[in-house]
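Engineer: Structure: entry-v4.csv, CSV, C-alpha atoms.
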```csv
chain,number,residue,atom,x,y,z
N,1,MET,CA,-228.6,4.1,-127.4
N,2,GLU,CA,-229.7,0.8,-125.8
N,3,SER,CA,-226.1,-0.5,-125.8
N,4,LEU,CA,-224.9,2.8,-124.2
N,5,LEU,CA,-227.6,2.4,-121.5
N,6,THR,CA,-226.5,-1.2,-120.9
N,7,VAL,CA,-222.9,-0.2,-120.5
N,8,LEU,CA,-223.8,2.7,-118.1
N,9,SER,CA,-226.0,0.3,-116.2
N,10,VAL,CA,-223.1,-2.2,-115.8
N,11,LEU,CA,-220.7,0.5,-114.8
N,12,PHE,CA,-223.2,1.9,-112.2
N,13,SER,CA,-223.8,-1.6,-110.8
N,14,SER,CA,-220.1,-2.3,-110.6
N,15,SER,CA,-219.4,1.0,-108.8
N,16,PHE,CA,-222.3,0.4,-106.4
N,17,SER,CA,-221.0,-3.0,-105.6
N,18,LEU,CA,-217.6,-1.7,-104.9
N,19,LEU,CA,-219.1,0.9,-102.6
N,20,GLN,CA,-221.1,-1.7,-100.8
N,21,ALA,CA,-217.9,-3.9,-100.5
N,22,CYS,CA,-216.0,-1.1,-98.7
N,23,ILE,CA,-216.7,-1.8,-95.0
N,24,PRO,CA,-215.9,1.2,-92.8
N,25,THR,CA,-212.7,1.0,-90.8
N,26,VAL,CA,-211.7,2.2,-87.4
N,27,THR,CA,-208.1,2.2,-88.5
N,28,SER,CA,-206.3,5.6,-88.7
N,29,VAL,CA,-203.0,5.9,-90.6
N,30,ILE,CA,-200.2,8.3,-91.1
N,31,GLY,CA,-197.9,7.2,-94.0
N,32,ARG,CA,-196.3,8.3,-97.2
N,33,SER,CA,-197.9,5.8,-99.5
N,34,VAL,CA,-201.1,4.9,-97.8
N,35,GLN,CA,-204.1,5.1,-100.1
N,36,GLN,CA,-207.2,6.9,-98.9
N,37,PRO,CA,-210.1,6.3,-98.2
N,38,LEU,CA,-209.5,3.1,-96.3
N,39,CYS,CA,-211.8,0.1,-96.0
N,40,ALA,CA,-211.6,-2.7,-93.4
N,41,GLY,CA,-209.3,-5.4,-94.7
N,42,ASP,CA,-207.1,-3.1,-96.7
N,43,LEU,CA,-203.4,-3.8,-96.6
N,44,ILE,CA,-202.0,-0.5,-95.3
N,45,PHE,CA,-198.3,-1.5,-94.8
N,46,GLU,CA,-196.3,-4.3,-96.3
N,47,ASP,CA,-192.7,-5.3,-96.6
N,48,ASN,CA,-191.6,-8.6,-98.1
N,49,PHE,CA,-188.0,-7.5,-98.0
N,50,GLU,CA,-187.2,-8.0,-101.7
N,51,VAL,CA,-185.0,-4.9,-101.1
N,52,PHE,CA,-183.9,-3.0,-98.0
N,53,ASP,CA,-186.3,-0.1,-98.3
N,54,LEU,CA,-184.8,2.6,-96.2
N,55,GLU,CA,-187.7,4.9,-97.0
N,56,LYS,CA,-189.8,2.6,-94.9
N,57,TRP,CA,-187.2,1.8,-92.2
N,58,LYS,CA,-185.0,4.1,-90.2
N,59,HIS,CA,-182.0,2.8,-88.3
N,60,GLU,CA,-181.4,3.6,-84.6
N,61,ILE,CA,-177.8,4.6,-84.1
N,62,THR,CA,-176.9,4.6,-80.4
N,63,LEU,CA,-174.9,3.1,-77.6
N,64,SER,CA,-177.7,3.8,-75.0
N,65,GLY,CA,-178.7,0.2,-74.3
N,66,GLY,CA,-182.4,0.4,-75.0
N,67,GLY,CA,-183.3,1.5,-71.5
N,68,ASN,CA,-182.1,-1.8,-70.1
N,69,TRP,CA,-178.3,-1.2,-70.3
N,70,GLU,CA,-178.1,-3.8,-73.0
N,71,PHE,CA,-174.7,-4.7,-74.4
N,72,GLN,CA,-175.1,-3.9,-78.1
N,73,TYR,CA,-174.2,-0.9,-80.2
N,74,TYR,CA,-177.0,-0.2,-82.8
N,75,THR,CA,-175.5,0.8,-86.1
N,76,ASN,CA,-176.5,1.3,-89.7
N,77,ASN,CA,-174.1,-1.2,-91.3
N,78,ARG,CA,-174.9,-4.0,-93.8
N,79,SER,CA,-172.8,-6.3,-91.6
N,80,ASN,CA,-175.6,-6.1,-89.1
N,81,SER,CA,-178.7,-5.5,-91.1
N,82,TYR,CA,-179.3,-6.6,-94.7
N,83,VAL,CA,-181.8,-8.2,-97.1
N,84,ASP,CA,-181.1,-11.5,-98.8
N,85,GLN,CA,-183.4,-13.7,-100.9
N,86,GLY,CA,-186.6,-12.0,-99.6
N,87,HIS,CA,-185.6,-12.0,-95.9
N,88,LEU,CA,-184.4,-9.3,-93.6
N,89,HIS,CA,-181.4,-10.4,-91.5
N,90,ILE,CA,-180.4,-8.7,-88.3
N,91,ARG,CA,-177.2,-10.2,-87.0
N,92,PRO,CA,-174.8,-9.6,-84.1
N,93,THR,CA,-171.1,-9.0,-84.6
N,94,LEU,CA,-168.2,-8.3,-82.2
N,95,LEU,CA,-166.9,-4.8,-81.8
N,96,MET,CA,-163.4,-6.2,-81.3
N,97,ASP,CA,-163.4,-7.4,-85.0
N,98,ASP,CA,-163.4,-3.7,-85.9
N,99,TYR,CA,-161.2,-2.2,-83.2
N,100,GLY,CA,-159.4,-5.0,-81.4
N,101,GLU,CA,-160.1,-6.3,-78.0
N,102,LYS,CA,-158.1,-3.7,-76.1
N,103,PHE,CA,-160.4,-1.0,-77.4
N,104,LEU,CA,-163.2,-2.3,-75.2
N,105,LYS,CA,-161.4,-1.1,-72.0
N,106,SER,CA,-159.4,1.8,-73.4
N,107,GLY,CA,-160.9,3.2,-76.6
N,108,THR,CA,-163.4,6.0,-77.2
N,109,LEU,CA,-166.4,5.2,-79.4
N,110,ASP,CA,-167.9,8.5,-80.7
N,111,ILE,CA,-170.8,7.9,-83.0
N,112,ASN,CA,-171.7,11.5,-83.6
N,113,GLY,CA,-171.5,11.1,-87.4
N,114,ALA,CA,-171.2,14.1,-89.7
N,115,ALA,CA,-173.6,12.8,-92.3
N,116,PRO,CA,-177.3,12.6,-91.4
N,117,ALA,CA,-177.4,8.8,-92.1
N,118,GLY,CA,-174.6,8.3,-89.5
N,119,GLN,CA,-175.7,10.6,-86.8
N,120,CYS,CA,-176.4,9.3,-83.3
N,121,THR,CA,-180.1,9.1,-82.8
N,122,ASP,CA,-180.4,8.6,-79.0
N,123,ALA,CA,-178.0,10.4,-76.6
N,124,SER,CA,-179.6,9.1,-73.4
N,125,HIS,CA,-177.5,6.9,-71.1
N,126,TYR,CA,-174.3,8.1,-72.8
N,127,GLY,CA,-175.7,6.9,-76.1
N,128,CYS,CA,-173.5,9.0,-78.4
N,129,THR,CA,-170.0,8.7,-76.8
N,130,ARG,CA,-168.5,6.1,-74.5
N,131,THR,CA,-164.9,5.6,-73.4
N,132,GLY,CA,-163.8,2.2,-72.1
N,133,THR,CA,-161.9,1.8,-68.9
N,134,SER,CA,-160.7,-1.3,-67.0
N,135,ILE,CA,-164.0,-1.2,-65.1
N,136,TYR,CA,-166.5,0.1,-67.6
N,137,TYR,CA,-166.2,-1.5,-71.0
N,138,VAL,CA,-167.5,-0.1,-74.3
N,139,ASN,CA,-170.5,-1.9,-75.8
N,140,PRO,CA,-168.9,-5.2,-77.0
N,141,ILE,CA,-171.5,-6.2,-79.6
N,142,LYS,CA,-172.8,-4.5,-82.7
N,143,SER,CA,-176.4,-5.1,-83.9
N,144,ALA,CA,-179.3,-3.3,-85.5
N,145,LYS,CA,-182.7,-1.8,-84.7
N,146,ILE,CA,-185.0,-0.4,-87.4
N,147,LYS,CA,-188.3,1.4,-87.1
N,148,THR,CA,-191.1,3.0,-89.2
N,149,CYS,CA,-191.5,6.2,-87.2
N,150,ASP,CA,-190.7,8.5,-90.1
N,151,SER,CA,-192.8,6.6,-92.7
N,152,PHE,CA,-195.8,4.8,-91.1
N,153,GLY,CA,-197.9,4.9,-87.9
N,154,PHE,CA,-201.4,3.7,-87.2
N,155,THR,CA,-204.2,3.3,-84.7
N,156,TYR,CA,-206.1,0.0,-84.6
N,157,GLY,CA,-205.4,-2.7,-87.1
N,158,LYS,CA,-204.0,-6.2,-87.6
N,159,VAL,CA,-200.2,-6.7,-87.7
N,160,VAL,CA,-198.8,-10.0,-89.1
N,161,VAL,CA,-195.1,-10.8,-88.8
N,162,LYS,CA,-193.4,-14.0,-90.0
N,163,ALA,CA,-190.1,-14.5,-88.4
N,164,LYS,CA,-187.4,-17.0,-87.3
N,165,ILE,CA,-185.7,-16.2,-84.0
N,166,PRO,CA,-182.0,-16.6,-83.5
N,167,SER,CA,-180.1,-19.0,-81.3
N,168,GLY,CA,-177.2,-18.0,-79.2
N,169,ASP,CA,-177.0,-17.3,-75.4
N,170,TRP,CA,-178.2,-13.9,-74.3
N,171,LEU,CA,-179.6,-12.8,-77.7
N,172,TRP,CA,-182.9,-10.9,-77.4
N,173,PRO,CA,-184.9,-10.5,-80.6
N,174,ALA,CA,-188.1,-8.4,-80.7
N,175,VAL,CA,-190.8,-7.0,-82.9
N,176,TRP,CA,-192.7,-4.3,-81.0
N,177,MET,CA,-194.5,-0.9,-81.3
N,178,MET,CA,-194.1,2.5,-79.6
N,179,PRO,CA,-196.3,5.6,-79.7
N,180,LEU,CA,-195.5,8.3,-82.2
N,181,TYR,CA,-196.4,11.2,-79.9
N,182,ASN,CA,-196.4,9.9,-76.3
N,183,SER,CA,-199.9,11.4,-75.9
N,184,TYR,CA,-200.2,10.4,-72.3
N,185,GLY,CA,-196.7,11.2,-71.1
N,186,ALA,CA,-193.3,9.4,-70.9
N,187,TRP,CA,-192.9,5.6,-70.8
N,188,PRO,CA,-194.8,3.6,-69.9
N,189,ALA,CA,-197.8,6.1,-69.5
N,190,SER,CA,-198.2,6.2,-73.3
N,191,GLY,CA,-197.9,2.4,-73.7
N,192,GLU,CA,-195.7,-0.2,-75.4
N,193,VAL,CA,-196.8,-3.2,-77.4
N,194,ASP,CA,-194.5,-6.2,-77.7
N,195,ILE,CA,-195.7,-8.4,-80.4
N,196,LEU,CA,-192.8,-10.9,-80.2
N,197,GLU,CA,-189.9,-11.2,-77.7
N,198,ALA,CA,-187.7,-14.2,-77.2
N,199,ARG,CA,-184.4,-15.4,-75.7
N,200,GLY,CA,-181.7,-17.0,-77.8
N,201,ASN,CA,-180.5,-19.5,-75.1
N,202,LYS,CA,-181.1,-23.1,-76.1
N,203,ASN,CA,-181.5,-24.4,-72.5
N,204,LEU,CA,-182.4,-21.5,-70.3
N,205,LEU,CA,-184.6,-22.8,-67.4
N,206,ASP,CA,-186.6,-20.7,-64.9
N,207,ARG,CA,-187.0,-21.6,-61.3
N,208,ASN,CA,-189.8,-24.0,-62.2
N,209,GLY,CA,-187.8,-25.8,-64.8
N,210,VAL,CA,-189.6,-24.3,-67.7
N,211,ASN,CA,-187.5,-23.5,-70.8
N,212,VAL,CA,-187.7,-19.8,-71.3
N,213,GLY,CA,-185.1,-19.7,-74.0
N,214,THR,CA,-185.7,-20.6,-77.7
N,215,GLN,CA,-188.6,-22.8,-76.7
N,216,GLN,CA,-190.6,-19.8,-75.6
N,217,VAL,CA,-192.0,-16.6,-77.2
N,218,GLY,CA,-193.9,-13.9,-75.4
N,219,SER,CA,-196.2,-10.9,-76.1
N,220,THR,CA,-196.7,-8.1,-73.7
N,221,LEU,CA,-198.3,-4.7,-73.1
N,222,HIS,CA,-196.4,-2.2,-71.0
N,223,TRP,CA,-198.5,0.5,-69.3
N,224,GLY,CA,-198.7,2.5,-66.1
N,225,PRO,CA,-198.6,6.1,-64.8
N,226,PHE,CA,-194.8,5.8,-64.4
N,227,SER,CA,-192.1,3.1,-64.7
N,228,GLN,CA,-192.2,2.0,-61.0
N,229,VAL,CA,-195.8,0.9,-61.4
N,230,ASN,CA,-195.5,-0.7,-64.9
N,231,GLN,CA,-198.3,-3.2,-65.0
N,232,TRP,CA,-196.9,-5.5,-67.7
N,233,PRO,CA,-197.3,-8.7,-65.6
N,234,ARG,CA,-201.1,-8.3,-65.9
N,235,THR,CA,-200.9,-8.3,-69.8
N,236,HIS,CA,-198.0,-10.7,-70.5
N,237,TYR,CA,-198.5,-13.9,-72.4
N,238,GLU,CA,-196.3,-16.8,-73.4
N,239,LYS,CA,-196.3,-19.8,-75.7
N,240,ASN,CA,-193.8,-22.8,-75.4
N,241,ASP,CA,-192.8,-25.3,-78.1
N,242,LYS,CA,-190.3,-28.0,-77.4
N,243,VAL,CA,-189.1,-27.9,-81.0
N,244,GLY,CA,-187.9,-24.3,-80.5
N,245,PHE,CA,-189.0,-21.2,-82.3
N,246,ASP,CA,-185.5,-20.9,-83.7
N,247,ASP,CA,-186.1,-24.1,-85.7
N,248,ASP,CA,-188.3,-22.5,-88.4
N,249,PHE,CA,-190.4,-19.5,-89.3
N,250,HIS,CA,-193.6,-18.7,-87.2
N,251,GLU,CA,-196.3,-16.2,-87.7
N,252,TYR,CA,-196.9,-13.6,-84.9
N,253,THR,CA,-200.1,-11.6,-85.0
N,254,LEU,CA,-201.5,-8.6,-83.2
N,255,GLN,CA,-205.2,-7.8,-83.5
N,256,TRP,CA,-205.8,-4.3,-82.1
N,257,SER,CA,-209.3,-2.8,-81.9
N,258,PRO,CA,-211.2,-0.1,-79.9
N,259,GLU,CA,-212.5,-2.9,-77.6
N,260,ASN,CA,-209.5,-5.2,-77.0
N,261,ILE,CA,-206.0,-6.4,-78.0
N,262,THR,CA,-205.4,-10.0,-79.0
N,263,PHE,CA,-202.0,-11.8,-79.5
N,264,TYR,CA,-201.7,-14.9,-81.7
N,265,VAL,CA,-198.8,-17.3,-82.5
N,266,ASP,CA,-199.4,-19.4,-85.7
N,267,GLY,CA,-203.1,-18.5,-85.5
N,268,GLU,CA,-203.5,-19.6,-81.9
N,269,VAL,CA,-204.7,-17.0,-79.4
N,270,ILE,CA,-202.2,-16.7,-76.6
N,271,GLY,CA,-203.7,-13.6,-74.9
N,272,VAL,CA,-206.5,-11.2,-74.9
N,273,VAL,CA,-206.6,-7.8,-73.1
N,274,SER,CA,-210.2,-6.4,-72.7
N,275,PRO,CA,-210.0,-3.6,-70.2
N,276,PRO,CA,-213.0,-3.1,-67.9
N,277,GLU,CA,-215.3,-0.1,-67.9
N,278,GLY,CA,-212.7,2.0,-66.1
N,279,GLY,CA,-210.1,1.2,-68.8
N,280,PHE,CA,-206.5,0.4,-68.0
N,281,TRP,CA,-206.7,2.6,-64.8
N,282,GLU,CA,-209.2,0.1,-63.4
N,283,LEU,CA,-207.3,-2.9,-64.8
N,284,GLY,CA,-204.2,-1.8,-63.0
N,285,ALA,CA,-206.1,-1.3,-59.7
N,286,PHE,CA,-204.4,2.0,-59.2
N,287,ASN,CA,-205.2,4.1,-56.1
N,288,GLN,CA,-206.8,7.4,-57.1
N,289,THR,CA,-205.6,9.2,-53.9
N,290,ASP,CA,-202.0,8.4,-54.5
N,291,LEU,CA,-201.7,8.6,-58.3
N,292,GLU,CA,-203.0,10.8,-61.1
N,293,ASN,CA,-204.7,9.0,-63.9
N,294,PRO,CA,-202.8,10.0,-67.1
N,295,TRP,CA,-205.5,8.5,-69.3
N,296,ARG,CA,-208.3,10.7,-68.1
N,297,GLY,CA,-209.9,12.2,-71.2
N,298,GLY,CA,-208.7,9.3,-73.4
N,299,SER,CA,-210.9,6.5,-74.7
N,300,HIS,CA,-211.6,3.2,-73.1
N,301,MET,CA,-208.4,1.8,-74.6
N,302,ALA,CA,-206.1,4.6,-73.5
N,303,PRO,CA,-203.1,4.6,-73.7
N,304,PHE,CA,-203.6,2.2,-76.6
N,305,ASP,CA,-205.8,4.5,-78.6
N,306,GLN,CA,-203.1,6.6,-80.4
N,307,LYS,CA,-200.8,6.0,-83.3
N,308,PHE,CA,-197.9,3.6,-82.9
N,309,TYR,CA,-195.0,2.7,-85.1
N,310,ILE,CA,-193.2,-0.7,-85.7
N,311,ILE,CA,-189.8,-1.6,-84.4
N,312,ILE,CA,-187.6,-4.7,-85.2
N,313,ASN,CA,-184.4,-5.2,-83.3
N,314,LEU,CA,-181.9,-7.7,-81.9
N,315,ALA,CA,-180.6,-6.8,-78.5
N,316,VAL,CA,-178.1,-8.6,-76.3
N,317,GLY,CA,-178.2,-9.1,-72.5
N,318,GLY,CA,-179.1,-6.1,-70.4
N,319,ILE,CA,-180.2,-5.9,-66.8
N,320,ASN,CA,-183.9,-6.7,-67.0
N,321,TYR,CA,-184.8,-9.5,-69.4
N,322,PHE,CA,-182.6,-12.3,-68.2
N,323,ALA,CA,-183.2,-13.3,-64.6
N,324,ASP,CA,-180.2,-14.0,-62.3
N,325,ASP,CA,-181.9,-17.1,-60.9
N,326,ASN,CA,-182.5,-18.8,-64.2
N,327,VAL,CA,-180.4,-21.9,-64.9
N,328,ASN,CA,-178.2,-21.9,-68.0
N,329,LYS,CA,-175.3,-24.1,-69.1
N,330,GLY,CA,-172.2,-22.3,-68.1
N,331,GLY,CA,-174.0,-19.9,-65.9
N,332,LYS,CA,-174.7,-16.2,-66.5
N,333,PRO,CA,-171.6,-14.0,-66.7
N,334,TRP,CA,-173.1,-10.9,-65.1
N,335,LYS,CA,-175.6,-9.9,-62.4
N,336,ASN,CA,-178.5,-7.6,-63.1
N,337,ASN,CA,-177.5,-5.3,-60.2
N,338,SER,CA,-173.9,-5.1,-61.3
N,339,THR,CA,-172.4,-1.7,-62.2
N,340,THR,CA,-169.8,-3.6,-64.4
N,341,SER,CA,-172.2,-5.7,-66.4
N,342,TYR,CA,-170.6,-4.9,-69.8
N,343,ARG,CA,-167.2,-5.9,-68.6
N,344,ASP,CA,-168.5,-9.0,-66.8
N,345,PHE,CA,-170.4,-10.1,-69.9
N,346,TRP,CA,-167.4,-9.8,-72.1
N,347,LYS,CA,-165.0,-11.5,-69.7
N,348,GLY,CA,-167.5,-14.4,-69.6
N,349,LYS,CA,-167.4,-14.9,-73.4
N,350,GLU,CA,-166.1,-18.4,-72.9
N,351,GLN,CA,-169.6,-19.2,-71.8
N,352,TRP,CA,-171.7,-17.6,-74.5
N,353,LEU,CA,-169.5,-17.1,-77.6
N,354,PRO,CA,-169.3,-20.8,-78.4
N,355,THR,CA,-173.1,-20.8,-78.6
N,356,TRP,CA,-173.0,-18.1,-81.3
N,357,ASP,CA,-172.5,-19.9,-84.7
N,358,MET,CA,-171.1,-16.9,-86.5
N,359,GLU,CA,-170.4,-18.9,-89.7
N,360,SER,CA,-174.1,-19.6,-90.3
N,361,ASN,CA,-177.4,-17.8,-90.0
N,362,GLU,CA,-178.3,-19.3,-86.6
N,363,THR,CA,-177.5,-16.1,-84.7
N,364,HIS,CA,-179.6,-14.0,-87.2
N,365,PHE,CA,-183.0,-12.6,-86.5
N,366,ILE,CA,-184.7,-13.3,-89.8
N,367,ILE,CA,-188.0,-11.6,-90.9
N,368,ASP,CA,-189.9,-13.0,-93.9
N,369,TYR,CA,-192.6,-10.3,-94.0
N,370,VAL,CA,-194.4,-7.6,-92.0
N,371,LYS,CA,-198.0,-6.7,-93.0
N,372,VAL,CA,-200.6,-4.4,-91.4
N,373,TYR,CA,-204.3,-4.5,-92.3
N,374,ALA,CA,-207.0,-2.0,-91.5
N,375,ILE,CA,-209.9,-3.4,-89.5
```
If you took the structure in this file and wrote it as structure tokens, what would it be?

Structural biologist:
Amino acid sequence: MESLLTVLSVLFSSSFSLLQACIPTVTSVIGRSVQQPLCAGDLIFEDNFEVFDLEKWKHEITLSGGGNWEFQYYTNNRSNSYVDQGHLHIRPTLLMDDYGEKFLKSGTLDINGAAPAGQCTDASHYGCTRTGTSIYYVNPIKSAKIKTCDSFGFTYGKVVVKAKIPSGDWLWPAVWMMPLYNSYGAWPASGEVDILEARGNKNLLDRNGVNVGTQQVGSTLHWGPFSQVNQWPRTHYEKNDKVGFDDDFHEYTLQWSPENITFYVDGEVIGVVSPPEGGFWELGAFNQTDLENPWRGGSHMAPFDQKFYIIINLAVGGINYFADDNVNKGGKPWKNNSTTSYRDFWKGKEQWLPTWDMESNETHFIIDYVKVYAI
């Protein structure tokens, strides 16, 4: 009897200790494999890319250009997205390798696949069918964009991504988050969180002579009642390194709480967003008489108080992210206000294609891991 009591005492003490160790969390999760209940510090999402887990990641399949008229065609093809030796690779390829160069100005690209895995996922901006002409070229680059929207979403937590950005002029790698439900309305009213963005140009200089290519990474929040008053400049942060972020892997972290949002690069804080008492409406200095507050009724952190999902992609060019007045060896083949930017980009391939080392991994956006923790 005494030994039984001793065993029960030990078991009770162990269980009590475990209960004590579970610190309550503010994190809320939707996911197929998330264990409940949650404790602060729990690992709620992880991918080390030992395999390409397509139950976790869904491919975007579209020609839409990501809202920036970017030049890539996102597809589900192992030429553009694959896993190798514990790393996810997203790489750009040339559409002409599949169809020939003449196809860009005369062919029709219809990506309304018959099978669910091949169906166009975004019809906006002529995203499912495009026909090339001598003026308006079909998307000349193939790439990939994957997201967790069908498998995982969360509110508040810590996201840690280890990644190596690609090198190659006009490449645009990103790890970011979008809201599952657009609780406060269409973009950017419901917010966007850019954990990592970069430019693949080796020697892209802004008007002040700062390298904004591979030597710089950025993190940004996008928010505002509508797109014309997107207040991203108030919540945009950058870090520069002369070695270049394409030289090796670096760790990019988002700490997202009910009080603030903090961005880190390799453990160093590069930006903190702590909205004032009036929330993001006050932070944006919006005029109540002219605009309606879309976040009325939300919390102090609205629109960043709802469930977001994770996105990884490699874009190319577009009309927003690469400034016309930046200095780049060989110039910039297109202007951001041009209606023929796809054609201009392709016809300027003598400038950018030599910077794409297609025989190596240098043009690849490579992800070592993605981890999300409850807080």

Engineer: I'd like the neighbourhood of Thr131 in chain N as a list in words, where a residue qualifies if any of its atoms comes within 9 Å (using all atoms listed in the file), though same-chain residues fewer than 2 positions away should be ignored.

Structural biologist: Phe103, Leu104, Lys105, Ser106, Gly107, Thr108, Leu109, Asp110, Thr129, Thr133, Tyr136, Tyr137 and Val138 of chain N

Engineer: Mind listing whatever residues come within 10 Å of the point (-172.6, -3.5, -77.5)? Use all atoms listed in the file, file coordinates, and give them as a PyMOL selection string.

Structural biologist: chain N and resi 62-65+69-74+92-95+104+137-143+315-318+342+346

Engineer: Go through N:Asp324, N:Glu238, N:Asp368, N:Glu55 and flag the residue nearest Glu251 in chain N, using all atoms listed in the file for the distances.

Structural biologist: N:Asp368

Engineer: Please identify all polymer residues within 9 Å of Asn293 in chain N, counting only C-alpha atoms, omitting same-chain residues fewer than 6 positions from it, and present them as a list in words.

Structural biologist: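 Contacts, with the query itself left out: Pro225, Trp281 and Phe286 of chain N.
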
Engineer: Of the residues N:Glu101, N:Glu282, N:Glu192, N:Asp206, which is the one nearest to Ser219 in chain N, using all atoms listed in the file?

Structural biologist: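 Counting all atoms listed in the file, the residue closest to Ser219 in chain N is N:Glu192.
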
Engineer: Looking at all atoms listed in the file, which of N:Ala21, N:Leu38, N:Met96, N:Leu353 is the one that sits closest to Ala374 in chain N?

Structural biologist: N:Leu38

Engineer: Just the number, please: distance in Å from CA of Tyr99 in chain N to CA of Ile366 in chain N, one decimal.

Structural biologist: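 Spanning CA of Tyr99 in chain N to CA of Ile366 in chain N is a straight-line distance of 26.8 Å.
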
Engineer: Kindly give the distance, in Å, that separates CA of Ala189 in chain N and CA of Trp232 in chain N, rounded to a single decimal.

Structural biologist: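 One can read the CA of Ala189 in chain N to CA of Trp232 in chain N distance as 11.8 Å.
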
Engineer: Because the input lacks atoms here, generate N, CA, C and O atoms for range 325-339 of chain N and report them as a short mmCIF file (atom, residue, chain, number, x, y, z; two decimals), in the coordinates of the input.

Structural biologist:
```
data_model
loop_
_atom_site.label_atom_id
_atom_site.label_comp_id
_atom_site.auth_asym_id
_atom_site.auth_seq_id
_atom_site.Cartn_x
_atom_site.Cartn_y
_atom_site.Cartn_z
N ASP N 325 -181.68 -15.78 -61.46
CA ASP N 325 -181.90 -17.10 -60.90
C ASP N 325 -182.26 -18.16 -61.92
O ASP N 325 -182.54 -19.31 -61.58
N ASN N 326 -182.26 -17.78 -63.21
CA ASN N 326 -182.50 -18.80 -64.20
C ASN N 326 -181.25 -19.68 -64.38
O ASN N 326 -180.12 -19.25 -64.12
N VAL N 327 -181.48 -20.92 -64.79
CA VAL N 327 -180.40 -21.90 -64.90
C VAL N 327 -180.00 -21.99 -66.38
O VAL N 327 -180.83 -22.25 -67.26
N ASN N 328 -178.70 -21.79 -66.66
CA ASN N 328 -178.20 -21.90 -68.00
C ASN N 328 -176.85 -22.57 -68.02
O ASN N 328 -176.04 -22.41 -67.10
N LYS N 329 -176.61 -23.40 -69.02
CA LYS N 329 -175.30 -24.10 -69.10
C LYS N 329 -174.20 -23.11 -69.14
O LYS N 329 -174.17 -22.20 -69.96
N GLY N 330 -173.28 -23.25 -68.23
CA GLY N 330 -172.20 -22.30 -68.10
C GLY N 330 -172.44 -21.12 -67.28
O GLY N 330 -171.57 -20.27 -67.08
N GLY N 331 -173.66 -21.02 -66.75
CA GLY N 331 -174.00 -19.90 -65.90
C GLY N 331 -174.32 -18.64 -66.64
O GLY N 331 -174.44 -18.62 -67.86
N LYS N 332 -174.47 -17.56 -65.91
CA LYS N 332 -174.70 -16.20 -66.50
C LYS N 332 -173.54 -15.34 -66.06
O LYS N 332 -173.25 -15.20 -64.87
N PRO N 333 -172.85 -14.74 -67.01
CA PRO N 333 -171.60 -14.00 -66.70
C PRO N 333 -171.76 -12.74 -65.90
O PRO N 333 -170.78 -12.24 -65.37
N TRP N 334 -172.95 -12.18 -65.84
CA TRP N 334 -173.10 -10.90 -65.10
C TRP N 334 -174.36 -10.98 -64.24
O TRP N 334 -175.23 -11.84 -64.40
N LYS N 335 -174.42 -10.08 -63.27
CA LYS N 335 -175.60 -9.90 -62.40
C LYS N 335 -176.33 -8.67 -62.79
O LYS N 335 -175.73 -7.67 -63.19
N ASN N 336 -177.65 -8.72 -62.64
CA ASN N 336 -178.50 -7.60 -63.10
C ASN N 336 -178.26 -6.33 -62.23
O ASN N 336 -178.59 -5.23 -62.68
N ASN N 337 -177.74 -6.50 -61.02
CA ASN N 337 -177.50 -5.30 -60.20
C ASN N 337 -176.04 -4.86 -60.25
O ASN N 337 -175.63 -3.98 -59.50
N SER N 338 -175.27 -5.45 -61.15
CA SER N 338 -173.90 -5.10 -61.30
C SER N 338 -173.68 -3.77 -61.99
O SER N 338 -174.40 -3.47 -62.94
N THR N 339 -172.70 -2.98 -61.54
CA THR N 339 -172.40 -1.70 -62.20
C THR N 339 -171.30 -1.99 -63.32
O THR N 339 -170.91 -1.07 -64.04
#
```
